[in-house]
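S.K.: What follows is a structure written as C-alpha cells; I'll ask about it next.
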Amino acid sequence: MATVVALPLPALPSGWSADKDFKVVGKVTQDHATQRTIEPVGPHFLAHARRARHKRTFSEDDRIQAQERAKKVEENDDSDISEPEDPMMLQRDAKDWKSQDHYKVLGLSRYRYKATEEQIKRAHRKKVLKHHPDKKAAAGRVDDDNFFKCIQKATEVLLDPVTRRQFDSVDEEADVEPPTKKQLQKGNFYKLWGNVFKAEARFSKNHPVPSFGDDKSTKEDVENFYNFWYNFDSWRTFEYLDEDVPDDNENRDQKRHTERKNANARKKKKAEDNARLRKLLDDCSAGDERIKRFRQEANAAKNKKRLEKEAAEKKAAEEAQAKKEVEEKVAKEAEEKAKQDREAGKKAKEAAKNAVKKNKRVLRGSVKDANYFVSGDPSVATIDAVLGDVELIQAKIDPDEIAALAGKLNGLKVADEIKGAWQEEAKRLVLAGKVKESELKAFN
Amino acid sequence: MSEKKAAPAPGDRVVIGLTFGNSNSSIAHTVDDKAEVIANEDGDRQIPTILSYVEGEEYYGQQAKNFLVRNPQNTVAYFRDFLGKDFKSIDPTHNHASAHPQEASGTVSFTIKDKEGEEADPSTLPVSEISARYLRRLVGSASDYLGKKVTSAVITIPTNFAEKQKAALVAAAGEADLEVLQLISEPVAAVLAYDARPEGEISDKIVVVADLGGTRSDVSVVASRGGMYTILATAHDYEFAGFALDKILMDHFAKEFLKKHGGKDPRDNARSLAKLKQESEATKKALSLGNNASFSVESLSEGVDFASTINRLRYETIARTVFEGFNRLVESVVKKAGLDVLDVDEVILSGGTSHTPRIAANLGYIFPKTTTILAPSTTPTAINPSELQTRGAALQASLIQEYEADDIDQSTHAAVTTVPHVNNAIGVVSLSESGEEVFIPIVQPETAVPARRTVHVAAPKDGGDVLVKIVEGNTHIKVTKPEPKANGDSKAAKVEDAADSDEDSDFSDDEEEEEEEKREKVWKIGSTLAEAAIRGVKKGGKVEVTINVNADLTVVVTTREIGAKGGVRGTISA
C-alpha cells in the first residue's frame, strides 16, 4: 500500500525542539477543497460509503473489516458440523442402517437436505478422525468399529446423489408438520405455512419454487404459488423403505414376489404422498385469508357491474311505478270527479225534473184555479181543450220556460190574468214557430 | 412495471453487467471475481443495438443489422440516445437508413410492422417499448448463457445522461423484467475494468478515458485516487465517431466504383448505400487488425458486383481529418479539467472505434512517454476496448449484488458521494542527490477526503535524528527552451547534421530543436503545515509517514521509524 521513496529525509536541524516532537506550523486552508462527486463505483468506493454511513474512521473500519474476515475464516472451519453426539446413537448397530439418521450420524442434523457435498465430506472426515477403530484400539477398546461403520454407511448413502435422494425422500426429521388450529390462532399464518412449504419444496423437480409470501403478496403471486403446488412435480421416491429383496438365486419366485410387492408399496406410498400434499394445500388454501380477499375483491369487481345494472333497473322500475301511481291517481281523481259530476248532474236533473213536475203542476193547477176560464162548471170539452193546450205548451217549452211561466202564473189568482199569461205564452210559441195556431184550442 | 414484481432478494439475484450502447450493446458476468463477456446465441460479444421485424418475427443484434439492407423500414437502430428525450431534442441523422423516429403521444416513436400478415397494421411503438424489447432479448441471451434467469443488472450510461433519461432507462429495464441495481457512468466502468484486473494496482493517477463509439465520442478525465474515481471533466462529440470513418470509406469506395464501372452512384440508392455502409464497416474493422483489407459487395449498384482492396496507410491518409478530430477532442478535455498532458498518467481507449491503431498512436504523440496508452495496438495486455464498460459494469454488479436496493440507494446518495477534494497536494520534504529540497507528494491533489495515504521515506544514510516536514505542494509545468550550448551536448544530432551539411538543414534543425523544448511537471513546495522529529533512526532505516485527511480537512500525521516502537502523531486542525 505504501509507496517507497528513496530520497532521504533531511536530518533534524540542531536546536529543533517541540512538544512531543510535533510542531504545527500552518494549516490547510479551507479554499483548498472543492466539492466534487465521486463516482459510486468500485470496491474502494464501497469502503468509503461504508465508512461514511457508519461514521467510521479508517482504522476503525480496518479493524471491523478484519474481524469480519476473520469470522468468515472461522465459519469455513468445522464449527458448522460440531454437534453433540447422542450416546444412544454411538451404540447403534451398523446393520440396521436403514433406520439410522445419516445426517445425525455425521452431525449434520441442522442442515439435512440442505447440506452441501462439501459439508458432508468435511463432516465425514471429522467423524472418521474421531471414531476410527484404530484410535479406539489405541484407547484399549479393540474391535469397537460399530459406529465407524455407521459413519461409513451414512457417508456412502449421502455422497451418492441417487441414494441421498432416496434417503431424503423418507427423511421425516426434515418435515415440518402442518400447523394445528391452535398454533394458527396464536402464530403467524404465513410464517407457519411458509415453513411447511419450504420444507416440502425440497422435493420439487422445478426450481425456483415460488414462496408462500405474506398478506401483502399480490394476487398473481398467490395464484402462482397455488398453481405451482397443485401441479407439484415431486422427485420423492419410496425405494428406501423397500423390503429387502432376497438375492439368493434359489427362490426366484420369492424374489419376484418381493419385487412386485415393493413396486406396489412404492406406488401406494407415492399416491398417499400426493394425497397428503393435496390435503395440505386444501387445508392451507381453506384458511388463506388472501384467497378470500381476492375472491371478495374479484366478486366486488364483478358485482359492481351487476349491482350497478340492478340499481339502474331498480331505479327505472321505481320511476315507472311512481309514474304509474301518479297516472292512476290522476285517473282516479278524474273518475271521481266525473262521478261527482254525474251525480250532481243527476241530482240537478232530478231537481229540474221535480221542478218541472212542480211547475207543470202549477201550470195545470193554474188553469184549474181559473176554473178552465169559464164561469160555472166547465164542460168536459172545455176542460179537455184547456188541458190539451196546457199539455201542448208544456211539451213545447223547456223546463226554464216552464219555470218562468210557472213563476208568472204562481202569483195570479184571477182567471183572466192567468188566461192572459197562457195566451201570451202561446202567442210567443206560435211566433217562435214551435206551436201552430191551429193546434191550440183554448189559448188562441 | 417494477412495482408489479417485487425486487428479488439479494441472495436470489442473478446479476450481469450491461452496456446498452447506441450502436452496440454487450453483456458480461463475473466468474471468480473476473469479468467475462457473454456471447449471445449468434456468438457475438458486441451485439448491435438494432431490432428488426420480418413477418412478425423479431430479430435483434447482428441478424437485425443484416436486415438494414433488405428491410430498413421495419428495422430500428440507434435508438438508445432517444430514451427519455423529447422529439425536439433528438438527432435523427443516423436513423436515415432505418425506421425513422416520429413524434407520437409526446414521445419519440417508431412506426414498424411488427405483426405477421401482409395487411397487419403497422404499430407505433415508443422508444421506451423498443428499448424494453431489446433489453429483454439481451437479458434472454444472458439467461440462456448462464442457465439462470437474470434478475438484476448494472447498466452503464454516458456521463451526460439526464435524470429523465436515467429514469426512462430504468423504466424500460423494469419493463423487460430487469432490476437495475445501479447506473454507472461509462468512463468509470472502463477504469474499473482495468483496476480490477488481478495485476492492476490501485494508485493515485489521472486517467483520460476516450470512449470512441459508433455515433458519439465521449472523453472524460478521471482522477483515480486510491480506487476512488472523480470525474474532473468530460467532453462529448457527435462528429468524430465511428460513423465518420465509415463515411470516409464509403466515399472512397463509391468513387472507386464510379471510376471503375461508371454508371449510377451507389450512394444515390438506399439499398446500395446500405450495402456500401455494411461492407465499409467490415473493412474498417479488418483494417484495425491487418494491413490490408478487401472490400467486396455483390450487386452494389445496378447489378454490378464490386471488389477492391485498401491498405492501412491509404485509409489512414484519407481518414486523417477524423483522427485529428479525436486528438483535438482529447486535448480539449484535458485542458477543460485544468490539467496538462503531463499530468495524465493513463489513457484508456474504450469503445469500438478504439481498435483503430492510428488513433492510439496519435494519442501517444500528444502525451508524454510516461503516459500509458491502454489500447490493443499500443499495450499488448490491454483489454478489448469494446468490452471495457460491460466488464466494469459486471464487476460493479458482483460487488453490490448482496446489498439491499435500499442500501445501494443510500450508498449512492449525494450525501455520500459528494465530498470535498483537496486542491493542493500534501507531502513531505526530502533531499535530492544534490541536496536540494524536493517535494514528495503523499496526498495528491483532487483526492477525495477522508483519505489516508502512507509512504515510506528513506532516512539519511547515517541515520540519526530526522526532520519530517509536512508541506503543501502543487505542480507547475516547467518549460526548458533548449539553450544554444545544448547543440554541443547532443553529439548524435551533430552527426546527423554533418550528413546533411546544409544551411537548410541547420534551419530545420533549429526548428526541430524548438519543437523539442523540454516540458516537465515540477512540484513546488508550498506552505509548511507541520514539522515532526524522529529521533535515533538506525542506519539505512526508513520512516513511515501516514497522512490522514479527515472530512473536515483536519490532517492527522503519524510518523514512525519502520520496525521501531513509538512514533510521533499530531493533528493539524483545519
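In the C-alpha cells, the first chain shown is A, the next is B, and so on; residue numbers restart at 1 for each chain, and ligands run from 1 in the order shown.
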Step one, run DSSP on the backbone; step two, keep only residues of segment 255-402 of chain B assigned to strand (DSSP E or B); then write them as a PyMOL selection string.
M.R.: chain B and resi 292-301+304-311+346-350+372-374
S.K.: Would you kindly report the residues of chain B within 7 Å of chain A, using only C-alpha atoms, as JSON, numbers by chain?
M.R.: {"B": [184, 192, 227, 228, 229, 230, 396, 399, 411, 412, 416, 417, 418, 419, 420, 421, 422, 423, 424, 429, 430, 431, 432, 454, 455, 456, 457, 458, 459, 460, 465, 466, 467, 468, 528, 529, 530, 531, 532, 533, 568, 570, 572, 573, 574]}
S.K.: Grab the atom CA of Ser308 of chain B to atom CA of Phe295 of chain B distance for me, in Å with one decimal place.
M.R.: 5.1 Å
S.K.: Kindly indicate which residue among B:Val108, B:Leu289, B:Leu212, B:Ala405 lies nearest to Gly352 of chain B, using only C-alpha atoms for the distances.
M.R.: B:Leu212
S.K.: List every residue of segment 289-480 of chain B that DSSP, applied to the backbone of this structure, assigns to helix (DSSP H, G or I), and report them as number ranges by chain.
M.R.: B: 289, 312-318, 320-336, 341-343, 352-355, 357-366, 385-400, 405-411, 414-417
S.K.: Skipping near chain neighbours, those fewer than 4 positions away, what residues fall within 12 Å of Asp283 of chain A using only C-alpha atoms, listed as a list in words?
M.R.: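 My reading of the contact set: Pro178, Pro179, Thr180, Lys181, Leu184, Phe189, Trp193, Arg276, Leu277, Arg278, Lys279, Gly287 and Asp288 of chain A.
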S.K.: Mind giving me the straight-line distance from atom CA of Lys149 of chain B to atom CA of Val14 of chain B in Å, one decimal?
M.R.: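 Between these atoms lies a distance of 6.8 Å.
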